[in-house]
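Listing of my_file.csv; format and content: CSV, C-alpha atoms.
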```csv
chain,number,residue,atom,x,y,z
F,22,MET,CA,138.1,111.1,104.4
F,23,ILE,CA,136.2,107.9,103.9
F,24,GLU,CA,133.2,109.7,102.3
F,25,ASN,CA,135.6,111.6,100.0
F,26,THR,CA,137.3,108.4,99.0
F,27,SER,CA,134.0,106.7,98.3
F,28,LEU,CA,132.9,109.7,96.2
F,29,ILE,CA,136.2,109.6,94.2
F,30,VAL,CA,135.8,105.8,93.7
F,31,LYS,CA,132.2,106.4,92.4
F,32,VAL,CA,133.3,109.2,90.1
F,33,LEU,CA,136.1,107.1,88.6
F,34,GLN,CA,133.7,104.2,88.2
F,35,LYS,CA,131.4,106.5,86.2
F,36,LEU,CA,134.3,107.6,84.0
F,37,ARG,CA,135.2,103.9,83.4
F,38,ASP,CA,131.5,103.2,82.5
F,39,LEU,CA,131.5,106.2,80.1
F,40,CYS,CA,134.7,104.8,78.4
F,41,VAL,CA,133.0,101.4,78.0
F,42,PHE,CA,129.8,103.0,76.7
F,43,ILE,CA,131.7,105.2,74.1
F,44,SER,CA,133.8,102.2,73.0
F,45,SER,CA,130.7,100.1,72.6
F,46,ILE,CA,128.9,102.7,70.6
F,47,SER,CA,132.0,103.2,68.4
F,48,LEU,CA,132.2,99.4,67.8
F,49,VAL,CA,128.5,99.4,66.7
F,50,VAL,CA,129.2,102.3,64.3
F,51,LEU,CA,132.3,100.5,63.0
F,52,ILE,CA,130.3,97.4,62.2
F,53,LEU,CA,127.5,99.5,60.5
F,54,THR,CA,130.1,101.3,58.6
F,55,PHE,CA,131.6,98.1,57.2
F,56,ALA,CA,128.2,96.8,56.4
F,57,TRP,CA,127.6,100.0,54.4
F,58,LEU,CA,131.0,99.4,52.7
F,59,VAL,CA,130.0,95.8,51.7
F,60,PHE,CA,126.6,96.9,50.5
F,61,GLY,CA,128.0,99.8,48.5
F,62,ARG,CA,130.7,97.7,46.9
F,63,TYR,CA,128.7,94.6,46.0
F,64,VAL,CA,125.1,95.9,45.6
F,65,LEU,CA,125.5,99.5,44.5
F,66,ASN,CA,128.8,98.8,42.7
F,67,GLN,CA,130.2,102.0,44.2
F,68,THR,CA,132.7,101.8,47.1
F,69,PRO,CA,132.4,104.5,49.7
F,70,THR,CA,135.8,106.0,50.1
F,71,TRP,CA,135.4,107.5,53.5
F,72,VAL,CA,134.9,104.1,55.3
F,73,GLU,CA,138.6,103.4,55.7
F,74,GLN,CA,139.4,106.7,57.4
F,75,LEU,CA,136.4,106.5,59.7
F,76,ALA,CA,137.3,102.9,60.6
F,77,LEU,CA,140.8,104.0,61.6
F,78,VAL,CA,139.5,106.8,63.8
F,79,LEU,CA,136.9,104.4,65.4
F,80,VAL,CA,139.5,101.7,66.1
F,81,VAL,CA,141.8,104.2,67.9
F,82,TRP,CA,138.9,105.4,70.1
F,83,ILE,CA,137.8,101.8,70.9
F,84,THR,CA,141.4,100.8,71.7
F,85,PHE,CA,142.4,103.7,73.9
F,86,LEU,CA,139.2,104.1,75.8
F,87,GLY,CA,139.1,100.3,76.3
F,88,ALA,CA,142.7,100.5,77.6
F,89,GLY,CA,141.7,103.2,80.1
F,90,ALA,CA,138.8,101.1,81.4
F,91,GLY,CA,141.2,98.1,81.5
F,92,VAL,CA,143.5,100.0,83.9
F,93,HIS,CA,140.6,100.8,86.1
F,94,ASP,CA,139.5,97.2,86.2
F,95,ASP,CA,143.1,95.9,86.5
F,96,THR,CA,142.6,93.8,83.4
F,97,HIS,CA,145.4,95.4,81.3
F,98,LEU,CA,148.3,93.3,80.2
F,99,GLY,CA,150.8,92.7,82.9
F,100,VAL,CA,153.1,90.0,84.3
F,101,SER,CA,152.1,89.7,87.9
F,102,PHE,CA,152.8,86.1,88.8
F,103,ILE,CA,156.2,86.9,90.3
F,104,ARG,CA,154.8,89.9,92.3
F,105,GLU,CA,151.8,87.8,93.6
F,106,ALA,CA,154.1,84.9,94.6
F,107,MET,CA,156.0,87.2,97.1
F,108,PRO,CA,155.2,87.4,100.8
F,109,PRO,CA,152.4,89.9,101.6
F,110,THR,CA,154.6,92.8,102.7
F,111,ILE,CA,156.8,92.6,99.6
F,112,ARG,CA,153.8,92.0,97.4
F,113,HIS,CA,152.1,95.2,98.8
F,114,VAL,CA,155.2,97.3,98.2
F,115,LEU,CA,155.5,95.9,94.6
F,116,ARG,CA,151.8,96.6,93.9
F,117,ILE,CA,152.3,100.2,95.0
F,118,VAL,CA,155.4,100.6,92.9
F,119,CYS,CA,153.5,99.1,89.9
F,120,GLU,CA,150.6,101.5,90.4
F,121,VAL,CA,152.9,104.6,90.7
F,122,THR,CA,154.8,103.5,87.6
F,123,MET,CA,151.4,103.2,85.7
F,124,ALA,CA,150.4,106.6,87.0
F,125,ILE,CA,153.7,108.2,85.7
F,126,PHE,CA,153.2,106.4,82.4
F,127,GLY,CA,149.7,107.8,82.1
F,128,LEU,CA,150.9,111.3,82.9
F,129,VAL,CA,153.6,111.1,80.3
F,130,MET,CA,151.1,109.8,77.8
F,131,LEU,CA,148.7,112.6,78.6
F,132,VAL,CA,151.3,115.3,78.1
F,133,ALA,CA,152.8,113.8,74.9
F,134,CYS,CA,149.5,113.0,73.3
F,135,THR,CA,148.1,116.4,74.2
F,136,GLU,CA,150.9,117.9,72.2
F,137,LEU,CA,150.1,115.6,69.3
F,138,VAL,CA,146.4,116.7,69.4
F,139,GLN,CA,147.4,120.3,69.4
F,140,PHE,CA,149.9,119.8,66.5
F,141,GLY,CA,147.4,118.0,64.3
F,142,TRP,CA,144.3,120.0,65.1
F,143,SER,CA,144.8,122.4,62.2
F,144,THR,CA,145.2,119.6,59.6
F,145,LYS,CA,142.1,117.9,58.2
F,146,LEU,CA,141.7,114.1,57.8
F,147,PRO,CA,141.1,113.2,54.1
F,148,MET,CA,137.6,112.1,53.2
F,149,LEU,CA,136.2,113.0,56.6
F,150,ASN,CA,137.1,116.7,56.7
F,151,ILE,CA,137.6,116.6,60.5
F,152,PRO,CA,140.7,117.6,62.5
F,153,GLU,CA,143.6,115.2,62.5
F,154,GLY,CA,143.8,115.7,66.3
F,155,ILE,CA,140.6,113.6,66.6
F,156,ARG,CA,142.8,110.6,65.9
F,157,THR,CA,145.2,111.3,68.8
F,158,LEU,CA,142.7,112.7,71.2
F,159,PRO,CA,141.7,109.3,72.6
F,160,ALA,CA,145.3,108.6,73.5
F,161,ALA,CA,145.5,111.8,75.5
F,162,ILE,CA,142.2,110.9,77.2
F,163,ALA,CA,143.4,107.4,78.0
F,164,GLY,CA,146.7,108.8,79.4
F,165,GLY,CA,144.7,111.0,81.8
F,166,LEU,CA,142.4,108.2,82.8
F,167,ILE,CA,145.4,105.8,83.4
F,168,PHE,CA,146.9,108.5,85.6
F,169,LEU,CA,143.7,109.0,87.5
F,170,PHE,CA,142.9,105.3,87.9
F,171,ALA,CA,146.4,104.2,88.9
F,172,THR,CA,146.9,107.2,91.3
F,173,GLU,CA,143.6,106.5,93.1
F,174,ARG,CA,144.5,102.8,93.5
F,175,ALA,CA,148.1,103.6,94.7
F,176,VAL,CA,146.7,106.1,97.3
F,177,ARG,CA,144.2,103.5,98.4
F,178,MET,CA,147.0,101.0,98.9
F,179,ILE,CA,149.2,103.4,100.7
F,180,LEU,CA,146.4,104.5,103.1
F,181,GLY,CA,145.5,100.8,103.8
F,182,GLY,CA,142.3,100.6,101.8
F,183,VAL,CA,143.6,97.4,100.0
F,184,SER,CA,145.0,94.5,102.0
F,185,PRO,CA,148.1,92.7,100.6
F,186,GLU,CA,146.2,89.5,101.1
F,187,GLU,CA,143.4,90.3,98.6
F,188,PRO,CA,143.3,91.2,94.9
F,189,VAL,CA,143.8,94.9,94.1
F,190,VAL,CA,140.5,95.0,92.3
F,191,PRO,CA,137.7,92.7,93.6
F,192,ILE,CA,137.0,89.8,91.3
F,193,SER,CA,133.3,90.4,91.5
F,194,ASP,CA,131.6,93.6,92.1
F,195,GLU,CA,128.1,95.1,91.9
F,196,ARG,CA,128.2,95.3,88.1
F,197,SER,CA,128.4,91.6,87.7
F,198,ALA,CA,125.6,90.9,90.1
```

Can you dump the structure from the file as structure tokens?
Amino acid sequence: MIENTSLIVKVLQKLRDLCVFISSISLVVLILTFAWLVFGRYVLNQTPTWVEQLALVLVVWITFLGAGAGVHDDTHLGVSFIREAMPPTIRHVLRIVCEVTMAIFGLVMLVACTELVQFGWSTKLPMLNIPEGIRTLPAAIAGGLIFLFATERAVRMILGGVSPEEPVVPISDERSA
């Protein structure tokens, strides 16, 4: 069981790393795209019209994949000071409830956004001529990742892999070393 848990944690860490990598590449492409926009507008005196549509798609990918990675790292937005001020037993139960709630939210997001992807796949984005579903696909992916990451953490808490005394996600890990 411990080996399986360790393998699952490693796989989820690789998924998180992939999200950060894709978001980083998307951010670089976004910056280069806007550099081309400025160059085209002020040097060539011809504004590229496709930049706005591509920028919107890239921002959505950056945002949702970053949100998925944030859930893995427990850096997403949340109000936890009341929960963390509770005695250890209550804190532990509240942490589990929060993770289960996050997992349910991720699952609902996955299902709803998958329907949006399917609905928009036959429509093309103007200027880019790619499926509209590309714009909602990262939301579906993020929902799935949120479900996986929160479920894994909740299971680890329930099975005793996380003490109520310590943070849910270690403050420092091997990536920061």

Would you work out the distance separating CA of Glu73 in chain F from CA of Gly91 in chain F, expressed in Å to one decimal?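 Separation of CA of Glu73 in chain F and CA of Gly91 in chain F: 26.5 Å.
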
Go through range 36-118 of chain F and flag each residue having an atom no more than 12 Å from range 126-129 of chain F; for those, report the closest pair of atoms plus their distance in Å to one decimal, using all atoms listed in the file, ordered by chain and rising number, as a Markdown table.
```
| residue | atom | partner | partner_atom | distance |
| --- | --- | --- | --- | --- |
| F:Phe85 | CA | F:Gly127 | CA | 11.7 |
| F:Ala88 | CA | F:Gly127 | CA | 11.1 |
| F:Gly89 | CA | F:Gly127 | CA | 9.4 |
| F:Val92 | CA | F:Gly127 | CA | 10.1 |
```

Quick one, how far is CA of Arg104 in chain F from CA of Cys119 in chain F? 9.6 Å

Length of the CA of Leu77 in chain F to CA of Val50 in chain F vector [Å]: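 That distance, rounded to one decimal, is 12.0 Å.
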
For Leu158 in chain F, the nearest of the candidates F:Leu86, F:Met178, F:Leu146, F:Leu75, counting only C-alpha atoms: F:Leu86

Close residues, Ile125 in chain F itself excluded, 12 Å, only C-alpha atoms, min 3 positions apart in chain, as a list in words: Val118, Cys119, Glu120, Val121, Thr122, Leu128, Val129, Met130, Leu131, Val132, Gly164, Gly165, Leu166, Ile167, Phe168, Leu169, Phe170, Ala171, Thr172 and Ala175 of chain F

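Counting all atoms listed in the file, the residue from F:Lys31, F:Arg62, F:Arg156, F:Arg174 that sits nearest to His93 in chain F is F:Arg174.
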
Would you pick out the contacts of range 38-46 of chain F at 7 Å or less, using only C-alpha atoms, so that residues sharing its chain but fewer than 3 positions from it are not included, and give the list as a PDB file with C-alpha atoms, keeping the file's coordinate frame?
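The result, written out as selection_36.pdb:
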```
ATOM      1  CA  GLN F  34     133.700 104.200  88.200  1.00  0.00           C
ATOM      2  CA  LYS F  35     131.400 106.500  86.200  1.00  0.00           C
ATOM      3  CA  VAL F  49     128.500  99.400  66.700  1.00  0.00           C
ATOM      4  CA  VAL F  50     129.200 102.300  64.300  1.00  0.00           C
ATOM      5  CA  TRP F  82     138.900 105.400  70.100  1.00  0.00           C
ATOM      6  CA  ILE F  83     137.800 101.800  70.900  1.00  0.00           C
ATOM      7  CA  LEU F  86     139.200 104.100  75.800  1.00  0.00           C
ATOM      8  CA  GLY F  87     139.100 100.300  76.300  1.00  0.00           C
ATOM      9  CA  ALA F  90     138.800 101.100  81.400  1.00  0.00           C
TER      10      ALA F  90
END
```

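With only C-alpha atoms as the basis for measurement, F:Gln74 is the residue among F:Gln74, F:Thr157, F:Thr110, F:Ser27 that approaches Leu51 in chain F most closely.
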
Minimum-distance residue to Leu115 in chain F, chosen among F:Ile103, F:Val30, F:Leu98, F:Glu173 (using all atoms listed in the file):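 Using all atoms listed in the file, the shortest distance to Leu115 in chain F belongs to F:Ile103.
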
Name the closest residue to His97 in chain F among the candidates F:Thr84, F:Trp142, F:Arg112, F:Gln67; distances are taken between atoms, counting only C-alpha atoms. F:Thr84

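Restricting the calculation to all atoms listed in the file, the smallest distance between Pro159 in chain F and any of F:Ile117, F:Val176, F:Leu137, F:Val59 is found for F:Leu137.
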